[in-house]
$ cat target-v2.csv   # CSV, C-alpha atoms and all ligand atoms
chain,number,residue,atom,x,y,z
K,1118,MET,CA,5.8,-14.9,20.3
K,1119,ILE,CA,3.4,-12.2,21.8
K,1120,ASP,CA,0.9,-10.8,19.3
K,1121,MET,CA,0.8,-7.1,18.5
K,1122,GLN,CA,-2.5,-6.6,20.2
K,1123,THR,CA,-1.3,-8.0,23.5
K,1124,CYS,CA,1.9,-6.1,23.2
K,1125,ILE,CA,0.2,-2.7,22.7
K,1126,VAL,CA,-2.3,-3.3,25.5
K,1127,LYS,CA,0.5,-4.1,27.8
K,1128,ALA,CA,2.5,-1.1,26.7
K,1129,PHE,CA,-0.5,1.2,27.2
K,1130,THR,CA,-1.1,-0.2,30.7
K,1131,ASP,CA,2.6,0.1,31.7
K,1132,TYR,CA,2.7,3.7,30.4
K,1133,PHE,CA,-0.5,5.1,31.7
K,1134,HIS,CA,-1.2,2.7,34.7
K,1135,VAL,CA,-4.7,2.0,33.3
K,1136,GLY,CA,-5.9,-0.2,30.5
K,1137,PRO,CA,-7.0,1.2,27.1
K,1138,ASP,CA,-10.7,1.5,26.3
K,1139,TRP,CA,-10.1,0.4,22.7
K,1140,VAL,CA,-7.6,-1.0,20.2
K,1141,VAL,CA,-7.8,-0.4,16.5
K,1142,ARG,CA,-5.6,-1.7,13.7
K,1143,SER,CA,-5.2,-1.1,10.0
K,1144,PRO,CA,-3.1,-3.2,7.7
K,1145,GLY,CA,-0.3,-2.6,5.2
K,1146,ARG,CA,-0.7,-4.0,1.7
K,1147,VAL,CA,0.9,-5.9,-1.1
K,1148,ASN,CA,-0.1,-5.1,-4.6
K,1149,LEU,CA,-0.6,-8.3,-6.7
K,1150,ILE,CA,-0.8,-6.4,-10.0
K,1151,GLY,CA,-1.8,-3.0,-11.3
K,1152,GLU,CA,1.3,-0.9,-10.6
K,1153,HIS,CA,1.5,2.8,-11.4
K,1154,THR,CA,-2.0,2.6,-12.8
K,1155,ASP,CA,-3.9,4.3,-9.9
K,1156,TYR,CA,-2.9,7.8,-10.7
K,1157,ASN,CA,-3.9,7.1,-14.4
K,1158,ASP,CA,-7.5,6.4,-13.4
K,1159,GLY,CA,-6.8,2.7,-14.0
K,1160,PHE,CA,-7.2,-0.7,-12.2
K,1161,VAL,CA,-5.3,-2.1,-9.2
K,1162,LEU,CA,-5.4,-5.5,-7.5
K,1163,PRO,CA,-3.9,-5.1,-4.0
K,1164,MET,CA,-4.5,-7.3,-0.9
K,1165,THR,CA,-4.0,-6.5,2.8
K,1166,ILE,CA,-1.2,-8.2,4.6
K,1167,ASP,CA,-1.1,-9.6,8.2
K,1168,ARG,CA,1.1,-6.7,9.4
K,1169,SER,CA,-0.6,-3.6,10.7
K,1170,VAL,CA,-0.4,-0.3,12.6
K,1171,TYR,CA,-2.1,-0.6,16.0
K,1172,ILE,CA,-3.4,2.2,18.3
K,1173,ALA,CA,-4.6,1.5,21.8
K,1174,GLY,CA,-6.3,4.5,23.5
K,1175,ILE,CA,-8.7,6.2,25.8
K,1176,PRO,CA,-10.7,9.4,25.2
K,1177,ASN,CA,-9.5,12.6,27.1
K,1178,ASN,CA,-11.2,15.8,28.0
K,1179,ASN,CA,-8.5,18.3,27.0
K,1180,ASP,CA,-9.0,18.6,23.3
K,1181,ARG,CA,-5.6,17.2,22.5
K,1182,VAL,CA,-4.1,14.1,21.0
K,1183,GLU,CA,-1.4,12.6,23.1
K,1184,LEU,CA,0.5,9.7,21.8
K,1185,PHE,CA,3.5,7.5,22.7
K,1186,SER,CA,5.1,5.7,19.8
K,1187,LEU,CA,6.6,2.4,20.8
K,1188,ASP,CA,8.5,2.0,17.6
K,1189,TYR,CA,10.3,5.4,17.9
K,1190,ASP,CA,10.3,5.5,21.7
K,1191,THR,CA,9.0,9.1,21.6
K,1192,ASN,CA,6.0,11.1,22.7
K,1193,GLY,CA,4.0,13.4,20.5
K,1194,SER,CA,1.0,15.6,21.2
K,1195,PHE,CA,-0.9,18.5,19.7
K,1196,PRO,CA,-4.0,20.5,20.5
K,1197,LEU,CA,-6.9,19.8,18.1
K,1198,GLU,CA,-7.1,23.5,17.3
K,1199,GLU,CA,-3.6,23.4,15.8
K,1200,ILE,CA,-4.9,21.4,12.9
K,1201,ASN,CA,-7.5,23.9,11.7
K,1202,GLU,CA,-5.3,25.3,8.9
K,1203,LEU,CA,-3.2,23.4,6.4
K,1204,LYS,CA,0.3,23.6,7.7
K,1205,PRO,CA,2.3,21.0,5.7
K,1206,ASN,CA,5.2,19.9,7.8
K,1207,SER,CA,7.6,17.0,7.8
K,1208,THR,CA,7.2,13.3,7.2
K,1209,THR,CA,7.6,12.2,10.8
K,1210,TRP,CA,5.0,9.7,12.1
K,1211,LEU,CA,3.1,12.4,14.1
K,1212,GLU,CA,2.5,14.4,10.9
K,1213,TYR,CA,0.6,11.4,9.4
K,1214,VAL,CA,-1.6,11.4,12.5
K,1215,LYS,CA,-2.1,15.2,12.4
K,1216,GLY,CA,-2.6,15.3,8.6
K,1217,THR,CA,-5.4,12.6,8.8
K,1218,MET,CA,-7.1,14.5,11.6
K,1219,TRP,CA,-6.8,17.8,9.6
K,1220,ALA,CA,-8.4,16.0,6.6
K,1221,LEU,CA,-11.2,14.7,8.8
K,1222,LYS,CA,-11.8,18.0,10.4
K,1223,SER,CA,-11.8,19.9,7.2
K,1224,ALA,CA,-14.4,17.5,5.8
K,1225,GLY,CA,-16.7,18.5,8.7
K,1226,TYR,CA,-16.1,15.7,11.2
K,1227,HIS,CA,-16.3,16.8,14.9
K,1228,LEU,CA,-13.3,15.3,16.6
K,1229,SER,CA,-12.6,14.8,20.3
K,1230,GLY,CA,-9.3,14.4,22.0
K,1231,TRP,CA,-7.7,11.0,22.8
K,1232,THR,CA,-4.6,9.6,24.4
K,1233,GLY,CA,-2.9,6.5,22.9
K,1234,VAL,CA,0.0,4.2,22.3
K,1235,ILE,CA,0.9,3.4,18.7
K,1236,ALA,CA,3.0,0.6,17.3
K,1237,GLY,CA,3.2,-1.3,14.1
K,1238,ASP,CA,4.9,-4.3,12.3
K,1239,VAL,CA,4.6,-3.1,8.7
K,1240,PRO,CA,8.3,-2.6,7.6
K,1241,ILE,CA,8.9,1.1,6.8
K,1242,GLY,CA,10.0,2.2,3.3
K,1243,ALA,CA,9.6,-1.4,2.0
K,1244,GLY,CA,6.8,-0.6,-0.4
K,1245,LEU,CA,4.1,-2.2,1.9
K,1246,SER,CA,2.3,1.0,2.7
K,1247,SER,CA,3.1,1.6,6.4
K,1248,SER,CA,2.0,5.2,5.9
K,1249,ALA,CA,-1.5,4.3,4.6
K,1250,ALA,CA,-1.8,1.9,7.5
K,1251,LEU,CA,-0.9,4.7,9.9
K,1252,GLU,CA,-3.4,7.1,8.3
K,1253,LEU,CA,-6.3,4.6,8.4
K,1254,ALA,CA,-5.5,3.5,12.0
K,1255,THR,CA,-5.7,7.1,13.0
K,1256,ALA,CA,-9.0,7.6,11.2
K,1257,ARG,CA,-10.4,4.5,12.9
K,1258,ALA,CA,-9.2,5.7,16.3
K,1259,CYS,CA,-11.0,9.1,15.7
K,1260,GLN,CA,-14.1,7.2,14.6
K,1261,VAL,CA,-14.2,5.1,17.7
K,1262,VAL,CA,-13.7,8.2,20.0
K,1263,SER,CA,-15.9,10.6,18.1
K,1264,LYS,CA,-18.5,8.0,17.1
K,1265,PHE,CA,-19.1,9.1,13.5
K,1266,VAL,CA,-20.3,6.7,10.8
K,1267,TRP,CA,-17.4,4.8,9.2
K,1268,ASP,CA,-17.5,5.1,5.4
K,1269,GLU,CA,-14.6,3.1,4.1
K,1270,THR,CA,-14.3,4.9,0.7
K,1271,GLU,CA,-14.5,8.4,2.3
K,1272,MET,CA,-12.0,7.5,5.0
K,1273,ALA,CA,-9.5,6.3,2.3
K,1274,LEU,CA,-10.0,9.5,0.2
K,1275,LEU,CA,-9.5,11.7,3.3
K,1276,SER,CA,-6.4,9.7,4.3
K,1277,GLN,CA,-5.0,10.2,0.7
K,1278,ARG,CA,-5.7,13.9,1.1
K,1279,ALA,CA,-3.7,14.0,4.3
K,1280,GLU,CA,-0.8,12.3,2.5
K,1281,ASN,CA,-1.0,14.5,-0.6
K,1282,GLN,CA,-1.6,17.9,1.1
K,1283,TRP,CA,-0.4,17.6,4.7
K,1284,VAL,CA,2.6,15.3,4.4
K,1285,GLY,CA,3.3,16.4,0.8
K,1286,VAL,CA,3.6,13.0,-0.9
K,1287,GLN,CA,1.8,12.7,-4.2
K,1288,CYS,CA,0.5,9.1,-3.9
K,1289,GLY,CA,-2.5,7.7,-5.8
K,1290,ILE,CA,-5.5,6.1,-4.0
K,1291,MET,CA,-4.6,2.4,-4.0
K,1292,ASP,CA,-2.8,2.1,-0.6
K,1293,GLN,CA,-5.4,3.9,1.5
K,1294,MET,CA,-8.3,2.2,-0.3
K,1295,ILE,CA,-7.1,-1.4,0.4
K,1296,SER,CA,-6.1,-0.5,4.0
K,1297,ALA,CA,-9.7,0.7,4.4
K,1298,ARG,CA,-11.6,-1.8,2.3
K,1299,GLY,CA,-9.6,-5.0,2.6
K,1300,LEU,CA,-11.2,-8.3,3.6
K,1301,ARG,CA,-9.6,-11.4,5.1
K,1302,ASP,CA,-8.5,-13.9,2.4
K,1303,HIS,CA,-9.4,-11.6,-0.4
K,1304,ALA,CA,-7.7,-9.2,-2.8
K,1305,LEU,CA,-9.6,-6.1,-4.2
K,1306,LEU,CA,-9.9,-5.3,-7.9
K,1307,PHE,CA,-10.4,-1.6,-7.7
K,1308,ASP,CA,-11.3,0.9,-10.4
K,1309,CYS,CA,-9.5,4.1,-9.4
K,1310,ARG,CA,-11.9,6.2,-11.6
K,1311,SER,CA,-15.3,5.0,-10.5
K,1312,LEU,CA,-14.1,4.0,-7.0
K,1313,GLU,CA,-15.9,0.7,-7.4
K,1314,GLY,CA,-14.3,-2.5,-6.2
K,1315,ARG,CA,-14.8,-6.2,-6.4
K,1316,LEU,CA,-13.4,-8.6,-3.8
K,1317,VAL,CA,-11.7,-11.7,-5.3
K,1318,SER,CA,-10.5,-14.8,-3.5
K,1319,LEU,CA,-7.0,-16.0,-3.9
K,1320,PRO,CA,-6.5,-19.2,-6.0
K,1321,SER,CA,-7.1,-22.2,-3.8
K,1322,ASN,CA,-3.7,-23.9,-4.4
K,1323,ALA,CA,-1.4,-20.9,-4.3
K,1324,SER,CA,0.0,-18.6,-1.7
K,1325,ILE,CA,1.4,-15.1,-1.7
K,1326,VAL,CA,5.0,-14.7,-0.6
K,1327,ILE,CA,6.6,-11.3,0.1
K,1328,LEU,CA,10.2,-11.1,-0.9
K,1329,ASP,CA,11.8,-8.1,0.8
K,1330,THR,CA,15.1,-7.3,-0.9
K,1331,GLY,CA,16.5,-5.6,2.2
K,1332,THR,CA,17.1,-2.5,0.0
K,1333,ARG,CA,15.2,0.7,0.6
K,1334,ARG,CA,14.2,3.1,-2.1
K,1335,GLY,CA,16.1,6.3,-2.5
K,1336,LEU,CA,14.9,9.4,-4.3
K,1337,VAL,CA,11.6,7.6,-4.8
K,1338,ASP,CA,9.5,10.8,-4.5
K,1339,SER,CA,11.2,12.6,-7.4
K,1340,ALA,CA,11.2,9.6,-9.7
K,1341,TYR,CA,7.5,8.9,-8.8
K,1342,ASN,CA,6.5,12.5,-9.5
K,1343,ASP,CA,8.5,12.3,-12.8
K,1344,ARG,CA,6.5,9.2,-13.8
K,1345,ARG,CA,3.2,10.9,-13.0
K,1346,ASP,CA,4.1,13.9,-15.1
K,1347,GLN,CA,5.2,11.7,-18.0
K,1348,CYS,CA,1.9,9.8,-17.9
K,1349,GLU,CA,-0.1,13.1,-17.8
K,1350,ASP,CA,1.9,14.5,-20.7
K,1351,ALA,CA,1.4,11.3,-22.7
K,1352,ALA,CA,-2.4,11.4,-22.0
K,1353,SER,CA,-2.6,15.0,-23.2
K,1354,ALA,CA,-0.5,14.3,-26.3
K,1355,LEU,CA,-2.9,11.4,-27.1
K,1356,SER,CA,-5.9,13.7,-26.4
K,1357,VAL,CA,-7.4,11.5,-23.7
K,1358,ASN,CA,-8.3,12.5,-20.1
K,1359,ALA,CA,-6.1,9.7,-18.7
K,1360,LEU,CA,-4.1,6.7,-20.0
K,1361,ARG,CA,-7.1,4.7,-18.8
K,1362,ASP,CA,-9.0,5.9,-21.8
K,1363,ILE,CA,-6.9,4.2,-24.5
K,1364,ASP,CA,-6.3,0.6,-25.4
K,1365,LEU,CA,-3.2,-1.1,-26.6
K,1366,THR,CA,-4.3,-1.2,-30.3
K,1367,GLU,CA,-5.1,2.5,-30.4
K,1368,LEU,CA,-1.8,3.3,-28.6
K,1369,LEU,CA,0.2,1.3,-31.1
K,1370,ASN,CA,-1.5,3.1,-33.9
K,1371,LYS,CA,-0.5,6.5,-32.4
K,1372,GLU,CA,3.0,5.6,-31.5
K,1373,SER,CA,4.5,8.3,-33.7
K,1374,ILE,CA,2.7,11.1,-31.7
K,1375,LEU,CA,4.8,10.3,-28.6
K,1376,ASP,CA,8.5,10.4,-28.0
K,1377,PRO,CA,10.0,7.0,-27.3
K,1378,VAL,CA,10.2,7.4,-23.5
K,1379,ALA,CA,6.6,8.7,-23.3
K,1380,PHE,CA,5.5,5.8,-25.5
K,1381,ARG,CA,7.1,3.2,-23.3
K,1382,ARG,CA,5.6,4.8,-20.2
K,1383,ALA,CA,2.1,4.8,-21.8
K,1384,ARG,CA,2.6,1.2,-23.0
K,1385,HIS,CA,3.2,0.0,-19.5
K,1386,VAL,CA,0.1,1.7,-18.1
K,1387,VAL,CA,-2.2,0.6,-20.9
K,1388,SER,CA,-1.0,-3.0,-20.9
K,1389,GLU,CA,-1.0,-3.1,-17.1
K,1390,ASN,CA,-4.6,-2.1,-16.9
K,1391,ALA,CA,-5.5,-4.9,-19.2
K,1392,ARG,CA,-3.4,-7.4,-17.3
K,1393,THR,CA,-5.0,-6.3,-14.0
K,1394,GLU,CA,-8.6,-7.0,-15.2
K,1395,ARG,CA,-7.5,-10.3,-16.6
K,1396,ALA,CA,-5.7,-11.2,-13.4
K,1397,ALA,CA,-9.0,-10.7,-11.4
K,1398,LEU,CA,-10.8,-12.9,-13.9
K,1399,ALA,CA,-8.1,-15.5,-13.6
K,1400,MET,CA,-8.5,-15.5,-9.8
K,1401,GLU,CA,-12.3,-15.8,-10.1
K,1402,MET,CA,-11.7,-18.9,-12.4
K,1403,ASP,CA,-9.2,-20.2,-9.7
K,1404,ASN,CA,-6.5,-20.1,-12.4
K,1405,ALA,CA,-3.2,-19.6,-10.5
K,1406,ILE,CA,-1.1,-20.4,-13.6
K,1407,GLU,CA,-2.6,-17.5,-15.6
K,1408,LEU,CA,-2.3,-15.1,-12.6
K,1409,GLY,CA,1.3,-16.0,-12.3
K,1410,GLU,CA,2.0,-15.4,-15.9
K,1411,LEU,CA,0.4,-12.0,-15.8
K,1412,MET,CA,2.5,-11.1,-12.7
K,1413,ASP,CA,5.7,-12.1,-14.7
K,1414,ASP,CA,4.6,-9.9,-17.6
K,1415,SER,CA,3.9,-7.0,-15.2
K,1416,HIS,CA,7.5,-7.2,-13.9
K,1417,VAL,CA,9.0,-7.1,-17.4
K,1418,SER,CA,6.9,-4.1,-18.3
K,1419,LEU,CA,7.8,-2.2,-15.1
K,1420,ARG,CA,11.4,-3.0,-15.6
K,1421,ASP,CA,11.8,-2.2,-19.3
K,1422,ASP,CA,9.0,0.2,-20.1
K,1423,PHE,CA,8.3,2.1,-16.9
K,1424,GLU,CA,11.8,1.7,-15.5
K,1425,VAL,CA,11.0,1.6,-11.8
K,1426,SER,CA,12.7,-1.7,-10.9
K,1427,SER,CA,16.2,-2.0,-9.4
K,1428,ILE,CA,19.1,-4.5,-9.6
K,1429,ALA,CA,18.0,-6.0,-6.3
K,1430,LEU,CA,14.4,-6.3,-7.3
K,1431,ASP,CA,15.3,-7.9,-10.7
K,1432,GLU,CA,17.7,-10.3,-8.9
K,1433,MET,CA,15.0,-11.3,-6.4
K,1434,VAL,CA,12.5,-12.0,-9.1
K,1435,GLU,CA,15.1,-14.1,-10.9
K,1436,CYS,CA,15.8,-16.1,-7.7
K,1437,ALA,CA,12.1,-16.7,-7.2
K,1438,HIS,CA,11.8,-18.0,-10.8
K,1439,ARG,CA,14.6,-20.5,-10.3
K,1440,GLN,CA,12.3,-22.4,-7.9
K,1441,PRO,CA,10.0,-24.7,-9.8
K,1442,SER,CA,7.1,-24.0,-7.3
K,1443,CYS,CA,7.1,-20.3,-8.4
K,1444,LEU,CA,4.0,-19.5,-10.5
K,1445,GLY,CA,4.9,-15.8,-11.0
K,1446,ALA,CA,6.9,-13.0,-9.4
K,1447,ARG,CA,7.2,-9.2,-9.8
K,1448,MET,CA,8.3,-6.1,-8.0
K,1449,THR,CA,5.4,-4.5,-5.9
K,1450,GLY,CA,4.7,-0.9,-4.9
K,1451,ALA,CA,6.4,2.2,-6.3
K,1452,GLY,CA,9.6,0.4,-7.0
K,1453,PHE,CA,13.3,1.3,-6.9
K,1454,GLY,CA,13.8,-1.0,-3.9
K,1455,GLY,CA,11.7,-2.6,-1.2
K,1456,CYS,CA,9.7,-5.8,-2.0
K,1457,ALA,CA,8.8,-8.2,-4.7
K,1458,VAL,CA,5.8,-10.5,-4.5
K,1459,ALA,CA,5.6,-14.1,-5.7
K,1460,LEU,CA,2.7,-16.5,-6.3
K,1461,VAL,CA,3.9,-20.0,-5.1
K,1462,GLU,CA,2.3,-23.5,-5.0
K,1463,THR,CA,1.2,-23.8,-1.4
K,1464,PRO,CA,2.7,-27.2,-0.6
K,1465,TYR,CA,6.2,-25.8,-1.4
K,1466,ILE,CA,6.1,-22.4,0.3
K,1467,GLU,CA,8.7,-23.3,3.0
K,1468,GLU,CA,11.2,-24.7,0.6
K,1469,PHE,CA,10.5,-21.9,-1.8
K,1470,SER,CA,11.1,-19.2,0.9
K,1471,ARG,CA,14.3,-20.8,2.2
K,1472,ARG,CA,15.9,-21.4,-1.2
K,1473,THR,CA,14.9,-18.1,-2.7
K,1474,ALA,CA,16.4,-16.2,0.3
K,1475,GLU,CA,19.6,-18.3,0.2
K,1476,ASP,CA,20.0,-17.8,-3.5
K,1477,TYR,CA,19.4,-14.0,-3.3
K,1478,ARG,CA,21.7,-13.6,-0.3
K,1479,SER,CA,24.6,-15.4,-2.1
K,1480,SER,CA,24.1,-13.5,-5.3
K,1481,THR,CA,23.7,-10.0,-3.9
K,1482,GLY,CA,25.2,-10.1,-0.4
K,1483,ASN,CA,22.0,-8.4,0.8
K,1484,ASP,CA,20.0,-9.7,3.7
K,1485,PRO,CA,16.4,-10.6,2.5
K,1486,ASP,CA,13.3,-11.2,4.4
K,1487,VAL,CA,10.9,-13.8,2.8
K,1488,TYR,CA,7.6,-14.6,4.3
K,1489,VAL,CA,4.1,-15.9,3.4
K,1490,CYS,CA,1.4,-13.4,3.9
K,1491,ASN,CA,-2.3,-13.7,4.4
K,1492,ALA,CA,-5.0,-11.1,3.7
K,1493,THR,CA,-6.6,-9.6,6.8
K,1494,ASN,CA,-9.5,-7.2,7.3
K,1495,GLY,CA,-9.2,-3.6,6.6
K,1496,ALA,CA,-9.1,-0.9,9.3
K,1497,GLU,CA,-11.1,-2.2,12.3
K,1498,GLN,CA,-11.7,-2.0,16.0
K,1499,LEU,CA,-10.5,-5.2,17.7
M,1501,LIG,C1,2.9,3.9,-4.3
M,1501,LIG,C2,1.7,4.9,-4.2
M,1501,LIG,C3,0.5,4.2,-4.9
M,1501,LIG,C4,0.8,3.7,-6.2
M,1501,LIG,C5,2.0,2.8,-6.2
M,1501,LIG,C6,2.5,2.3,-7.6
M,1501,LIG,O1,2.6,2.8,-3.4
M,1501,LIG,O2,1.4,5.2,-2.9
M,1501,LIG,O3,-0.6,5.2,-4.9
M,1501,LIG,O4,0.9,4.7,-7.2
M,1501,LIG,O5,3.1,3.5,-5.6
M,1501,LIG,O6,1.5,1.5,-8.1

$ encode --input "target-v2.csv" --output "structure tokens"
Amino acid sequence: MIDMQTCIVKAFTDYFHVGPDWVVRSPGRVNLIGEHTDYNDGFVLPMTIDRSVYIAGIPNNNDRVELFSLDYDTNGSFPLEEINELKPNSTTWLEYVKGTMWALKSAGYHLSGWTGVIAGDVPIGAGLSSSAALELATARACQVVSKFVWDETEMALLSQRAENQWVGVQCGIMDQMISARGLRDHALLFDCRSLEGRLVSLPSNASIVILDTGTRRGLVDSAYNDRRDQCEDAASALSVNALRDIDLTELLNKESILDPVAFRRARHVVSENARTERAALAMEMDNAIELGELMDDSHVSLRDDFEVSSIALDEMVECAHRQPSCLGARMTGAGFGGCAVALVETPYIEEFSRRTAEDYRSSTGNDPDVYVCNATNGAEQL
């Protein structure tokens, strides 16, 4: 199989009849635990995956960005001056590029034009953050061409701004932060309030397996925004800045202040924050058993209290649990479809992957994609 870097260099050369000056890549992510906590100022524990968005390019002298997308087989181009003002547009791939450059420009970065080819192997809409990968790959391409200092945290924040304000999707900071700050063979415990992170290694005897249900989320934006509003309302009813500021004992004491739905939403967020910090400690102690148990608890909480799972995700998690080598499994990302993630004893990953996929296929009729994934570096020039 040809790797993505070779493939994009060849595509560039075929298209422009000259080789690229540079290739950048930025990875998608899988969140191990800490779901729907980022916009509550809480903790997340994502890791990068070995699937990325790649851009190969050369600088140009015409103050434009000119791009050919291999995945969509289309061209896109725009003059840099077109991104001076905020003009929210659609969610097509080119708007993520434009939006990221708008955010960079409005933060005072001087940008030069470039011409490139873009391609990726992060599945779209699967909950593995193909959009954050695209934003950070764009930021990296701009940094290589315009030669500014690369500050990972700042680049993640500006990419999030592009997604919130240009594309119009109200995501938290997790996806952009891990795509910018990820490190090979590590996950990142990240505090979404202080913006401080701690890299943690994966347990030595366990592997991360992505379980793509083959279903894609529908109506996710409105459900996601509803959950955000419910969390903010619960925080203000509890007189705290964010759900990050209350622990489970206090929440249980104040249950009567909240309506039952708000209470369950808050209980998920508060308990998930605690699980996420414990999960990082378990990883540091090389305790795969505890990490797996925390992932299981996270799924139950997302399913029953936060109500963002789906029949397919629940079934996939059940199928994973039927394998004795499964240490833990949960839905990952925003939910409502897409992927689950499992922690599996390394010697059995092939058997686990095959059997889980067969079991899921025969019980749902859906076509799953089950694969082991390894953490790679965050946004980088190759
Ligand atoms: C999406 C968002 C993230 C985060 C997750 C849920 O991936 O982009 O910011 O809120 O959902 O944990």

$ closest_residue --input "target-v2.csv" --among "K:Ala1250, K:Val1239, K:Met1400, K:Ile1290" --to "K:Glu1271" --atoms "all atoms listed in the file"
K:Ile1290

$ residues_around --input "target-v2.csv" --residues "K:Arg1472" --least-positions-apart "5" --cutoff "9 Å" --atoms "all atoms listed in the file" --output "ChimeraX atom specification"
/K:1436-1437,1440,1467,1477

$ atom_distance --input "target-v2.csv" --atom1 "atom CA of K:Ile1325" --atom2 "atom CA of K:Asp1158"
26.0 Å

$ residues_near_ligand --input "target-v2.csv" --ligand "ligand LIG 1501 (chain M)" --cutoff "7 Å" --atoms "only C-alpha atoms and all ligand atoms" --output "VMD selection string"
chain K and resid 1151 to 1156 1244 1246 1288 to 1292 1450 to 1451

$ closest_residue --input "target-v2.csv" --among "K:Ala1383, K:Ala1340, K:Val1425, K:Ile1172" --to "K:Leu1360" --atoms "only C-alpha atoms"
K:Ala1383

$ atom_distance --input "target-v2.csv" --atom1 "atom CA of K:Pro1176" --atom2 "atom CA of K:Ala1254"
15.4 Å

$ residues_near_point --input "target-v2.csv" --point "(-0.1, 10.5, -20.6)" --cutoff "10 Å" --atoms "all atoms listed in the file" --output "list in words"
Asn1157, Arg1344, Arg1345, Asp1346, Gln1347, Cys1348, Glu1349, Asp1350, Ala1351, Ala1352, Ser1353, Ala1354, Leu1355, Ser1356, Val1357, Asn1358, Ala1359, Leu1360, Arg1361, Leu1375, Ala1379, Phe1380, Arg1382, Ala1383, Arg1384 and Val1386 of chain K

$ residues_around --input "target-v2.csv" --residues "K:Asn1281" --least-positions-apart "2" --cutoff "12 Å" --atoms "only C-alpha atoms" --output "MDAnalysis selection string"
chainID K and resid 1203 1205:1206 1208 1213 1216:1217 1220 1248:1249 1252 1274:1279 1283:1290 1293 1338 1342

$ write_last_selection --input "target-v2.csv" --atoms "C-alpha atoms" --output "PDB file, in the coordinates of the input"
ATOM      1  CA  LEU K1203      -3.200  23.400   6.400  1.00  0.00           C
ATOM      2  CA  PRO K1205       2.300  21.000   5.700  1.00  0.00           C
ATOM      3  CA  ASN K1206       5.200  19.900   7.800  1.00  0.00           C
ATOM      4  CA  THR K1208       7.200  13.300   7.200  1.00  0.00           C
ATOM      5  CA  TYR K1213       0.600  11.400   9.400  1.00  0.00           C
ATOM      6  CA  GLY K1216      -2.600  15.300   8.600  1.00  0.00           C
ATOM      7  CA  THR K1217      -5.400  12.600   8.800  1.00  0.00           C
ATOM      8  CA  ALA K1220      -8.400  16.000   6.600  1.00  0.00           C
ATOM      9  CA  SER K1248       2.000   5.200   5.900  1.00  0.00           C
ATOM     10  CA  ALA K1249      -1.500   4.300   4.600  1.00  0.00           C
ATOM     11  CA  GLU K1252      -3.400   7.100   8.300  1.00  0.00           C
ATOM     12  CA  LEU K1274     -10.000   9.500   0.200  1.00  0.00           C
ATOM     13  CA  LEU K1275      -9.500  11.700   3.300  1.00  0.00           C
ATOM     14  CA  SER K1276      -6.400   9.700   4.300  1.00  0.00           C
ATOM     15  CA  GLN K1277      -5.000  10.200   0.700  1.00  0.00           C
ATOM     16  CA  ARG K1278      -5.700  13.900   1.100  1.00  0.00           C
ATOM     17  CA  ALA K1279      -3.700  14.000   4.300  1.00  0.00           C
ATOM     18  CA  TRP K1283      -0.400  17.600   4.700  1.00  0.00           C
ATOM     19  CA  VAL K1284       2.600  15.300   4.400  1.00  0.00           C
ATOM     20  CA  GLY K1285       3.300  16.400   0.800  1.00  0.00           C
ATOM     21  CA  VAL K1286       3.600  13.000  -0.900  1.00  0.00           C
ATOM     22  CA  GLN K1287       1.800  12.700  -4.200  1.00  0.00           C
ATOM     23  CA  CYS K1288       0.500   9.100  -3.900  1.00  0.00           C
ATOM     24  CA  GLY K1289      -2.500   7.700  -5.800  1.00  0.00           C
ATOM     25  CA  ILE K1290      -5.500   6.100  -4.000  1.00  0.00           C
ATOM     26  CA  GLN K1293      -5.400   3.900   1.500  1.00  0.00           C
ATOM     27  CA  ASP K1338       9.500  10.800  -4.500  1.00  0.00           C
ATOM     28  CA  ASN K1342       6.500  12.500  -9.500  1.00  0.00           C
TER      29      ASN K1342
END

$ closest_residue --input "target-v2.csv" --among "K:Glu1401, K:Glu1389, K:Glu1269, K:Glu1198" --to "K:Leu1365" --atoms "only C-alpha atoms"
K:Glu1389

$ residues_near_point --input "target-v2.csv" --point "(3.3, -18.1, 5.0)" --cutoff "10 Å" --atoms "all atoms listed in the file" --output "PyMOL selection string"
chain K and resi 1324-1327+1463+1466-1467+1470+1487-1491

$ write_last_selection --input "target-v2.csv" --atoms "C-alpha atoms" --output "mmCIF file, in the coordinates of the input"
data_model
loop_
_atom_site.group_PDB
_atom_site.id
_atom_site.type_symbol
_atom_site.label_atom_id
_atom_site.label_comp_id
_atom_site.auth_asym_id
_atom_site.auth_seq_id
_atom_site.Cartn_x
_atom_site.Cartn_y
_atom_site.Cartn_z
ATOM 1 C CA SER K 1324 0.000 -18.600 -1.700
ATOM 2 C CA ILE K 1325 1.400 -15.100 -1.700
ATOM 3 C CA VAL K 1326 5.000 -14.700 -0.600
ATOM 4 C CA ILE K 1327 6.600 -11.300 0.100
ATOM 5 C CA THR K 1463 1.200 -23.800 -1.400
ATOM 6 C CA ILE K 1466 6.100 -22.400 0.300
ATOM 7 C CA GLU K 1467 8.700 -23.300 3.000
ATOM 8 C CA SER K 1470 11.100 -19.200 0.900
ATOM 9 C CA VAL K 1487 10.900 -13.800 2.800
ATOM 10 C CA TYR K 1488 7.600 -14.600 4.300
ATOM 11 C CA VAL K 1489 4.100 -15.900 3.400
ATOM 12 C CA CYS K 1490 1.400 -13.400 3.900
ATOM 13 C CA ASN K 1491 -2.300 -13.700 4.400
#

$ residues_around --input "target-v2.csv" --residues "stretch 1233-1236 of chain K" --least-positions-apart "5" --cutoff "6 Å" --atoms "only C-alpha atoms" --output "count of residues only"
11

$ closest_residue --input "target-v2.csv" --among "K:Leu1319, K:Met1218, K:Gly1495, K:Glu1432" --to "K:Gly1409" --atoms "only C-alpha atoms"
K:Leu1319
